[in-house]
Amino acid sequence: AGWDRNFYLWDSRMSPGRAASTVKLPGKAFSMDSWDGRRVVVATSGRRTCLIDVRMPVEEDASADIVLDRESSLKYQTRTVRFFPDGSGLAMGSIEGRVAIEFLDEIGIDSGGKKKYAFKCHRAGDTVYPVNAIAFHPRHGTFATGGCDGTVVTWDGLNKKKLTTLPKFATSIAALAFNRDGTELAIASSYTFEEGEREHPRDEIFVREILDQECKPKSSK
């Protein structure tokens with residue numbers, strides 16, 4: 001998915017250069033994630049969030065269709081979107097230093113009575129920084145956020161609690177990814193031009209060991 005406002009599904013069994021399915025999006029694609037190979041979420045311009053159902057039958061061509069197109073609960077442009085590890089909801093970060101937790105009851109995925117909410121993050125005094133990256137811990141279901149303030153913070157989203165803040169990096173956090181068992185976190189420190197063209201620290205990738213107490217959920221009490 002890209003700024004041409006299209007989502008393309010590719011099938012390696014087909015001729016090179018030809019998409020198996022093309023879906024028209026309501027705006028430019030800013031972020032995308034997939035879950036279980038069957039569902040894709042795309043955050044677009046205009047504050048739209050699209051859920052796309054992907055079908056890959058063994059003996060037929062692959063296909064894709066939008067099953068949900070709704071407005072984000074965030075008031076400003078979405079920068080990043082990620083599925084919960086179990087596919088039951090979404091975490092979305094905006095350019096206005098907020099993260100929204102949303103659920104998918106409209107397409108028959110039971111939220112268990114949980115309600116959507118949003119919280120402020122990656123701020124320093126009156127300065128608000130975009131949230132560039134979200135990564136879920138594969139075992140605990142908690143998540144880390146990275147922002148243009150150069151910080152990485154871990155959160156217990158379901159219990160609405162902050163867990164820990166890692167030491168600040170030299171420039172913006174552009175991307176995050178946990179390893180398979182959640183014991184390490186890859187952190188891309190790279191200026192994202194939020195202040196335009198200027199001198200900035202070099203791009204670097206760090207791999208940090210993550211302690212259990214830095215990402216384990218807290219009691220809801």
# chains A, B, ... in the order shown; residues from 1 in each chain; ligands from 1

$ residues_around --residues "Ala118 in chain A" --least-positions-apart "4" --cutoff "10 Å" --atoms "only C-alpha atoms" --output "list in words"
Ser73, Leu74, Ala91, Met92, Gly93, Arg98, Val99, Ala100, Ile101, Glu102, Gly157 and Lys160 of chain A

$ write_last_selection --atoms "N, CA and C atoms" --output "compact mmCIF listing (two decimals), in the first residue's frame"
# COMPACT_ATOMS: atom_id res chain seq x y z
N SER A 73 -10.23 7.35 15.92
CA SER A 73 -10.63 8.12 17.10
C SER A 73 -9.61 9.21 17.42
N LEU A 74 -8.44 9.16 16.79
CA LEU A 74 -7.43 10.20 16.96
C LEU A 74 -7.78 11.41 16.10
N ALA A 91 -3.66 -0.81 18.03
CA ALA A 91 -2.99 0.31 18.69
C ALA A 91 -2.53 1.25 17.59
N MET A 92 -2.86 2.54 17.73
CA MET A 92 -2.57 3.52 16.69
C MET A 92 -1.87 4.72 17.30
N GLY A 93 -0.82 5.21 16.64
CA GLY A 93 -0.10 6.38 17.11
C GLY A 93 -0.26 7.53 16.13
N ARG A 98 -0.14 11.01 20.67
CA ARG A 98 -1.18 10.21 21.33
C ARG A 98 -1.19 8.80 20.76
N VAL A 99 -1.65 7.86 21.59
CA VAL A 99 -1.88 6.48 21.16
C VAL A 99 -3.34 6.14 21.45
N ALA A 100 -4.01 5.54 20.49
CA ALA A 100 -5.38 5.08 20.66
C ALA A 100 -5.42 3.56 20.69
N ILE A 101 -6.24 3.04 21.58
CA ILE A 101 -6.52 1.61 21.63
C ILE A 101 -7.96 1.42 21.15
N GLU A 102 -8.12 0.68 20.06
CA GLU A 102 -9.43 0.50 19.46
C GLU A 102 -9.74 -0.98 19.28
N GLY A 157 -1.31 -1.67 27.80
CA GLY A 157 -2.46 -1.01 27.20
C GLY A 157 -3.79 -1.42 27.80
N LYS A 160 -4.06 0.17 31.11
CA LYS A 160 -3.87 1.61 31.01
C LYS A 160 -2.76 2.12 31.93

$ residues_around --residues "range 161-167 of chain A" --least-positions-apart "2" --cutoff "12 Å" --atoms "only C-alpha atoms" --output "VMD selection string"
chain A and resid 118 to 122 142 to 147 149 to 159 169 to 171 173 185 187 208 to 221

$ residues_around --residues "range 190-195 of chain A" --least-positions-apart "5" --cutoff "8 Å" --atoms "only C-alpha atoms" --output "list of chain:residue names"
A:Cys148, A:Thr171, A:Ser172, A:Ile173, A:Ala174, A:His200, A:Pro201, A:Arg202, A:Asp203, A:Glu204

$ write_last_selection --atoms "C-alpha atoms" --output "PDB file, in the first residue's frame"
ATOM      1  CA  CYS A 148      10.368  11.938  17.671  1.00  0.00           C
ATOM      2  CA  THR A 171      17.427  11.423  17.606  1.00  0.00           C
ATOM      3  CA  SER A 172      13.935  10.254  16.599  1.00  0.00           C
ATOM      4  CA  ILE A 173      12.860   6.631  16.932  1.00  0.00           C
ATOM      5  CA  ALA A 174      11.759   5.564  13.443  1.00  0.00           C
ATOM      6  CA  HIS A 200      21.189  15.557  12.599  1.00  0.00           C
ATOM      7  CA  PRO A 201      22.863  12.534  14.240  1.00  0.00           C
ATOM      8  CA  ARG A 202      23.682   9.583  12.028  1.00  0.00           C
ATOM      9  CA  ASP A 203      21.176   6.765  11.559  1.00  0.00           C
ATOM     10  CA  GLU A 204      21.788   3.852  13.914  1.00  0.00           C
TER      11      GLU A 204
END

$ atom_distance --atom1 "CA of Arg48 in chain A" --atom2 "CA of Arg5 in chain A"
11.9 Å

$ select_by_dssp --residues "range 42-203 of chain A" --states "strand (DSSP E)" --output "PyMOL selection string"
chain A and resi 42-44+48-55+63-71+78-83+89-94+98-103+117-120+123-124+127-128+131-136+143-147+152-156+161-165+173-178+184-189

$ write_last_selection --atoms "C-alpha atoms" --output "mmCIF file, in the first residue's frame"
data_model
loop_
_atom_site.group_PDB
_atom_site.id
_atom_site.type_symbol
_atom_site.label_atom_id
_atom_site.label_comp_id
_atom_site.auth_asym_id
_atom_site.auth_seq_id
_atom_site.Cartn_x
_atom_site.Cartn_y
_atom_site.Cartn_z
ATOM 1 C CA VAL A 42 -4.124 0.191 6.654
ATOM 2 C CA ALA A 43 -4.112 3.705 8.133
ATOM 3 C CA THR A 44 -4.641 6.346 5.448
ATOM 4 C CA ARG A 48 -9.338 6.539 7.867
ATOM 5 C CA THR A 49 -8.639 3.033 9.154
ATOM 6 C CA CYS A 50 -9.316 0.172 6.736
ATOM 7 C CA LEU A 51 -9.557 -3.539 7.580
ATOM 8 C CA ILE A 52 -8.913 -5.756 4.571
ATOM 9 C CA ASP A 53 -9.855 -9.428 4.408
ATOM 10 C CA VAL A 54 -7.279 -11.490 2.497
ATOM 11 C CA ARG A 55 -8.092 -14.880 0.982
ATOM 12 C CA SER A 63 -8.289 -11.879 -3.425
ATOM 13 C CA ALA A 64 -8.783 -9.005 -0.987
ATOM 14 C CA ASP A 65 -11.704 -6.784 0.037
ATOM 15 C CA ILE A 66 -12.255 -3.970 2.524
ATOM 16 C CA VAL A 67 -14.539 -5.218 5.314
ATOM 17 C CA LEU A 68 -14.332 -2.119 7.529
ATOM 18 C CA ASP A 69 -13.595 1.527 6.728
ATOM 19 C CA ARG A 70 -13.972 3.871 9.676
ATOM 20 C CA GLU A 71 -12.645 7.163 11.011
ATOM 21 C CA THR A 78 -2.149 8.446 12.068
ATOM 22 C CA ARG A 79 1.567 7.685 11.840
ATOM 23 C CA THR A 80 1.557 4.010 12.836
ATOM 24 C CA VAL A 81 -0.958 1.188 13.384
ATOM 25 C CA ARG A 82 -0.486 -2.333 14.790
ATOM 26 C CA PHE A 83 -2.724 -5.310 15.539
ATOM 27 C CA GLY A 89 -7.853 -4.819 18.469
ATOM 28 C CA LEU A 90 -5.546 -2.074 17.233
ATOM 29 C CA ALA A 91 -2.993 0.312 18.689
ATOM 30 C CA MET A 92 -2.572 3.520 16.689
ATOM 31 C CA GLY A 93 -0.097 6.377 17.107
ATOM 32 C CA SER A 94 -0.583 9.912 15.786
ATOM 33 C CA ARG A 98 -1.178 10.208 21.333
ATOM 34 C CA VAL A 99 -1.884 6.478 21.157
ATOM 35 C CA ALA A 100 -5.385 5.084 20.663
ATOM 36 C CA ILE A 101 -6.521 1.611 21.634
ATOM 37 C CA GLU A 102 -9.434 0.500 19.460
ATOM 38 C CA PHE A 103 -11.454 -2.683 19.072
ATOM 39 C CA TYR A 117 -9.556 5.034 24.647
ATOM 40 C CA ALA A 118 -6.543 7.232 23.906
ATOM 41 C CA PHE A 119 -3.688 8.611 25.981
ATOM 42 C CA LYS A 120 -0.994 11.284 25.662
ATOM 43 C CA ARG A 123 5.712 15.042 25.206
ATOM 44 C CA ALA A 124 8.109 17.411 26.952
ATOM 45 C CA THR A 127 6.287 20.324 23.038
ATOM 46 C CA VAL A 128 4.374 17.485 21.402
ATOM 47 C CA VAL A 131 4.541 8.680 17.704
ATOM 48 C CA ASN A 132 6.441 6.936 14.902
ATOM 49 C CA ALA A 133 6.450 3.288 15.960
ATOM 50 C CA ILE A 134 4.534 0.715 17.994
ATOM 51 C CA ALA A 135 5.680 -2.860 18.664
ATOM 52 C CA PHE A 136 3.817 -5.484 20.707
ATOM 53 C CA PHE A 143 3.731 -2.729 23.735
ATOM 54 C CA ALA A 144 6.519 -0.240 23.158
ATOM 55 C CA THR A 145 6.204 3.140 21.476
ATOM 56 C CA GLY A 146 8.933 5.213 19.852
ATOM 57 C CA GLY A 147 8.661 8.923 19.167
ATOM 58 C CA VAL A 152 11.100 4.392 23.820
ATOM 59 C CA VAL A 153 8.367 3.732 26.368
ATOM 60 C CA THR A 154 6.654 0.450 27.270
ATOM 61 C CA TRP A 155 2.957 0.324 28.150
ATOM 62 C CA ASP A 156 0.345 -2.036 29.539
ATOM 63 C CA LYS A 161 -0.487 1.843 32.719
ATOM 64 C CA LYS A 162 2.996 3.058 31.778
ATOM 65 C CA LEU A 163 5.684 0.471 32.474
ATOM 66 C CA THR A 164 9.108 1.993 31.808
ATOM 67 C CA THR A 165 11.013 4.583 29.765
ATOM 68 C CA ILE A 173 12.860 6.631 16.932
ATOM 69 C CA ALA A 174 11.759 5.564 13.443
ATOM 70 C CA ALA A 175 10.967 1.870 13.967
ATOM 71 C CA LEU A 176 10.765 -0.836 16.649
ATOM 72 C CA ALA A 177 10.625 -4.643 16.597
ATOM 73 C CA PHE A 178 10.777 -7.301 19.318
ATOM 74 C CA GLU A 184 15.358 -8.182 22.768
ATOM 75 C CA LEU A 185 14.095 -5.009 21.124
ATOM 76 C CA ALA A 186 15.529 -3.623 17.878
ATOM 77 C CA ILE A 187 15.424 0.177 17.844
ATOM 78 C CA ALA A 188 16.012 2.295 14.732
ATOM 79 C CA SER A 189 17.253 5.752 15.728
#

$ residues_around --residues "Trp3 in chain A" --least-positions-apart "3" --cutoff "10 Å" --atoms "only C-alpha atoms" --output "VMD selection string"
chain A and resid 6 to 7 25 27 to 30 44 to 45

$ atom_distance --atom1 "CA of Gly182 in chain A" --atom2 "CA of Asp105 in chain A"
28.3 Å

$ atom_distance --atom1 "CA of Ser34 in chain A" --atom2 "CA of Lys114 in chain A"
22.0 Å

$ residues_around --residues "Asp181 in chain A" --least-positions-apart "4" --cutoff "10 Å" --atoms "only C-alpha atoms" --output "PyMOL selection string"
chain A and resi 137-140

$ closest_residue --among "A:Asp33, A:Trp10, A:Gly97, A:Gln77" --to "Met56 in chain A" --atoms "only C-alpha atoms"
A:Trp10
